[in-house]
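Read through the structure below, which is laid out as structure tokens, and then see the notes.
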Amino acid sequence: MRRNEFVKANANAKDAVGPNCSIDDPSSCTLADLELMYVDALWNYYNGGKFTLNDEQYDRLREELNWQGSGFPTLRRYEIEFVQAAISYSRGEKIIDDAKYEELKRRVKAAGKRTEVTALLLYTKGKQLLDEAEFELLSKDMLKLGIDVGMKGATCTLSKTSPELQNDTTQVLTMYAALGTAPLLIGLAPGILLGLVGVELPAALSLGFALTIAAGLTYKLVNYTNLQNAEILKGQCPCCEMPIKQFFGGEKPLEEFEHKCQACGTQCVLNRPRKLIVMSGGLKST
């Protein structure tokens with residue numbers, strides 16, 4: 001892979017950082033934002049590009065990452081070299097010989113907990129530089145080394161997101177109201193038709209009849225579509241903080257649902273009775 005392709009990935013990475021995040025105000029950034037910012041700065045530097053942070057910004061970023069317990073301020077050159085080689089191999093290209101690549105794999109595999117740092121680096125740069133099929137090949141190859149490619153690791157370990165799930169009652173009521181619209185119109189139809197032929201019914205009688213019909217038909221419709229006992233639980237991904245929204249309902253609603261974040265791939269379990277994310281990234285909420 002040509003060096004300028006690696007440098008170009010740094011420009012694409014800006015889209016991954018939150019729009020409100022600023023290096024001049026670290027409190028406006030999530031831990032994931034700060035780690036991505038740090039990775040992109042070093043990635044660009046190690047690949048011959050211009051260093052994207054001045055000395056003051058770089059020191060501020062390192063201090064904030066250290067304070068939050070991230071492993072990224074100790075990002076090593078061989079980790080970046082390994083990611084470059086792995087991405088190139090996934091594209092059917094070689095930038096180093098097989099012996100060097102095997103040596104880098106051995107060092108990464110022996111790094112233990114630090115493989116989580118490599119996993120995030122592989123995820124962010126793989127998404128920027130590979131197509132879908134190449135990224136899938138990369139993920140499978142890395143699993144053989146015990147590296148689960150994704151935004152996990154340090155980003156998730158100290159996540160500040162709440163494990164609680166909230167029931168979106170407004171959306172549930174909106175759903176039931178939408179289901180009841182047609183039955184209500186059916187219930188109002190007789191009074192409207194009688195009015196057209198000159199037969200006036202008391203408003204209370206007409207409305208009461210319509211509401212009774214609407215309630216009965218809506219109840220039947222809800223049961224028929226298996227939407228009774230509805231709850232729409234909302235929360236945040238414990239890794240990348242993307243919104244989680246999951247519907248539970250039916251005659252016997254599920255107590256738990258396995259959720260996989262579409263943004264970062266983090267898997268977690270949503271517990272309906274407790275309204276909690278009870279497991280995320282191997283960690284359990286109490």
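By order in the structure tokens, chains are A, B, ...; within a chain, residues start at 1; ligands start at 1, following the order shown.
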(request) Would you please extract all helix (DSSP H, G or I) residues from stretch 33-129 of chain A, as assigned by DSSP on the backbone, and give them as a PyMOL selection string? (result) chain A and resi 33-46+55-67+72-74+77-90+98-109+112-129
(request) Would you return as number ranges by chain the members of stretch 124-280 of chain A that DSSP assigns to strand (DSSP E or B) on this structure's backbone? (result) A: 164, 166-167, 231-236, 243-248, 256-260, 267-271, 276-280
(message) Using only C-alpha atoms, can you tell me which of A:Gln228, A:Asn66, A:Thr118, A:Ser206 comes closest to A:Gly191?
(response) A:Ser206
Could you pull the residues within 9 Å of stretch 95-110 of chain A, counting only C-alpha atoms, minus those fewer than 4 positions along the same chain, as an mmCIF file with C-alpha atoms, in the first residue's frame?
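Result file follows (around_32.cif):
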```cif
data_model
loop_
_atom_site.group_PDB
_atom_site.id
_atom_site.type_symbol
_atom_site.label_atom_id
_atom_site.label_comp_id
_atom_site.auth_asym_id
_atom_site.auth_seq_id
_atom_site.Cartn_x
_atom_site.Cartn_y
_atom_site.Cartn_z
ATOM 1 C CA MET A 1 0.000 0.000 0.000
ATOM 2 C CA ARG A 2 1.362 3.433 -0.842
ATOM 3 C CA TYR A 78 5.656 -1.556 16.342
ATOM 4 C CA GLU A 79 1.880 -1.538 16.981
ATOM 5 C CA GLU A 81 3.759 -1.022 11.927
ATOM 6 C CA PHE A 82 1.745 -4.160 12.627
ATOM 7 C CA GLN A 84 -0.056 -1.092 8.530
ATOM 8 C CA ALA A 85 1.145 -4.573 7.563
ATOM 9 C CA ALA A 86 -2.151 -6.280 8.517
ATOM 10 C CA SER A 88 -1.854 -4.260 3.488
ATOM 11 C CA TYR A 89 -2.069 -8.059 3.701
ATOM 12 C CA ARG A 114 -2.384 -4.113 25.039
ATOM 13 C CA THR A 115 -4.037 -6.094 22.245
ATOM 14 C CA THR A 118 -4.243 -2.724 18.679
ATOM 15 C CA LEU A 145 -4.354 -13.970 17.034
ATOM 16 C CA GLY A 146 -6.952 -13.425 19.746
ATOM 17 C CA ILE A 147 -7.649 -9.838 18.657
#
```
(request) Compile the contact shell of stretch 214-225 of chain A as an NGL selection string: residues with an atom at most 10 Å away, counting only C-alpha atoms, same-chain residues fewer than 3 positions apart removed. (result) :A and (176-188 or 208-211 or 228-230 or 250-251)
Selection file, N, CA and C atoms, as a PDB file, in the first residue's frame:
```
ATOM      1  N   TYR A 176     -49.321   3.101  19.957  1.00  0.00           N
ATOM      2  CA  TYR A 176     -50.692   2.643  20.200  1.00  0.00           C
ATOM      3  C   TYR A 176     -51.712   3.616  19.601  1.00  0.00           C
ATOM      4  N   ALA A 177     -51.421   4.920  19.663  1.00  0.00           N
ATOM      5  CA  ALA A 177     -52.330   5.908  19.078  1.00  0.00           C
ATOM      6  C   ALA A 177     -52.438   5.719  17.574  1.00  0.00           C
ATOM      7  N   ALA A 178     -51.292   5.423  16.945  1.00  0.00           N
ATOM      8  CA  ALA A 178     -51.306   5.188  15.495  1.00  0.00           C
ATOM      9  C   ALA A 178     -52.131   3.953  15.155  1.00  0.00           C
ATOM     10  N   LEU A 179     -51.999   2.912  15.988  1.00  0.00           N
ATOM     11  CA  LEU A 179     -52.776   1.691  15.756  1.00  0.00           C
ATOM     12  C   LEU A 179     -54.272   1.942  15.945  1.00  0.00           C
ATOM     13  N   GLY A 180     -54.607   2.876  16.833  1.00  0.00           N
ATOM     14  CA  GLY A 180     -56.013   3.135  17.129  1.00  0.00           C
ATOM     15  C   GLY A 180     -56.692   4.105  16.184  1.00  0.00           C
ATOM     16  N   THR A 181     -55.929   4.703  15.256  1.00  0.00           N
ATOM     17  CA  THR A 181     -56.517   5.706  14.362  1.00  0.00           C
ATOM     18  C   THR A 181     -57.598   5.110  13.465  1.00  0.00           C
ATOM     19  N   ALA A 182     -57.262   3.998  12.810  1.00  0.00           N
ATOM     20  CA  ALA A 182     -58.241   3.379  11.907  1.00  0.00           C
ATOM     21  C   ALA A 182     -59.487   2.891  12.654  1.00  0.00           C
ATOM     22  N   PRO A 183     -59.339   2.193  13.804  1.00  0.00           N
ATOM     23  CA  PRO A 183     -60.535   1.797  14.559  1.00  0.00           C
ATOM     24  C   PRO A 183     -61.397   2.984  14.990  1.00  0.00           C
ATOM     25  N   LEU A 184     -60.769   4.114  15.344  1.00  0.00           N
ATOM     26  CA  LEU A 184     -61.538   5.295  15.741  1.00  0.00           C
ATOM     27  C   LEU A 184     -62.351   5.838  14.567  1.00  0.00           C
ATOM     28  N   LEU A 185     -61.745   5.848  13.395  1.00  0.00           N
ATOM     29  CA  LEU A 185     -62.471   6.321  12.208  1.00  0.00           C
ATOM     30  C   LEU A 185     -63.647   5.406  11.886  1.00  0.00           C
ATOM     31  N   ILE A 186     -63.426   4.099  12.101  1.00  0.00           N
ATOM     32  CA  ILE A 186     -64.521   3.146  11.883  1.00  0.00           C
ATOM     33  C   ILE A 186     -65.666   3.425  12.852  1.00  0.00           C
ATOM     34  N   GLY A 187     -65.297   3.713  14.125  1.00  0.00           N
ATOM     35  CA  GLY A 187     -66.305   4.001  15.129  1.00  0.00           C
ATOM     36  C   GLY A 187     -67.059   5.282  14.860  1.00  0.00           C
ATOM     37  N   LEU A 188     -66.398   6.267  14.259  1.00  0.00           N
ATOM     38  CA  LEU A 188     -67.053   7.553  13.963  1.00  0.00           C
ATOM     39  C   LEU A 188     -67.911   7.499  12.700  1.00  0.00           C
ATOM     40  N   GLY A 208     -69.105   8.351  22.338  1.00  0.00           N
ATOM     41  CA  GLY A 208     -68.993   7.183  23.203  1.00  0.00           C
ATOM     42  C   GLY A 208     -68.990   5.892  22.411  1.00  0.00           C
ATOM     43  N   PHE A 209     -69.888   5.836  21.399  1.00  0.00           N
ATOM     44  CA  PHE A 209     -69.942   4.656  20.533  1.00  0.00           C
ATOM     45  C   PHE A 209     -68.616   4.482  19.783  1.00  0.00           C
ATOM     46  N   ALA A 210     -68.062   5.608  19.272  1.00  0.00           N
ATOM     47  CA  ALA A 210     -66.816   5.553  18.502  1.00  0.00           C
ATOM     48  C   ALA A 210     -65.649   5.085  19.366  1.00  0.00           C
ATOM     49  N   LEU A 211     -65.591   5.624  20.601  1.00  0.00           N
ATOM     50  CA  LEU A 211     -64.493   5.247  21.490  1.00  0.00           C
ATOM     51  C   LEU A 211     -64.590   3.781  21.911  1.00  0.00           C
ATOM     52  N   GLN A 228     -48.763  -6.282  22.422  1.00  0.00           N
ATOM     53  CA  GLN A 228     -49.171  -6.006  23.782  1.00  0.00           C
ATOM     54  C   GLN A 228     -47.956  -5.962  24.715  1.00  0.00           C
ATOM     55  N   ASN A 229     -48.149  -5.361  25.879  1.00  0.00           N
ATOM     56  CA  ASN A 229     -47.077  -5.235  26.890  1.00  0.00           C
ATOM     57  C   ASN A 229     -45.840  -4.540  26.324  1.00  0.00           C
ATOM     58  N   ALA A 230     -46.041  -3.555  25.478  1.00  0.00           N
ATOM     59  CA  ALA A 230     -44.930  -2.933  24.762  1.00  0.00           C
ATOM     60  C   ALA A 230     -44.067  -2.063  25.668  1.00  0.00           C
ATOM     61  N   GLY A 250     -45.233  -8.318  23.275  1.00  0.00           N
ATOM     62  CA  GLY A 250     -45.828  -9.611  22.984  1.00  0.00           C
ATOM     63  C   GLY A 250     -46.497 -10.190  24.225  1.00  0.00           C
ATOM     64  N   GLU A 251     -47.117 -11.334  24.057  1.00  0.00           N
ATOM     65  CA  GLU A 251     -47.788 -11.986  25.186  1.00  0.00           C
ATOM     66  C   GLU A 251     -46.810 -12.328  26.297  1.00  0.00           C
TER      67      GLU A 251
END
```
(message) For a test of reading the model, state the distance in Å between atom CA of A:Ser90 and atom CA of A:Ala32, rounded to one decimal.
(response) 25.2 Å
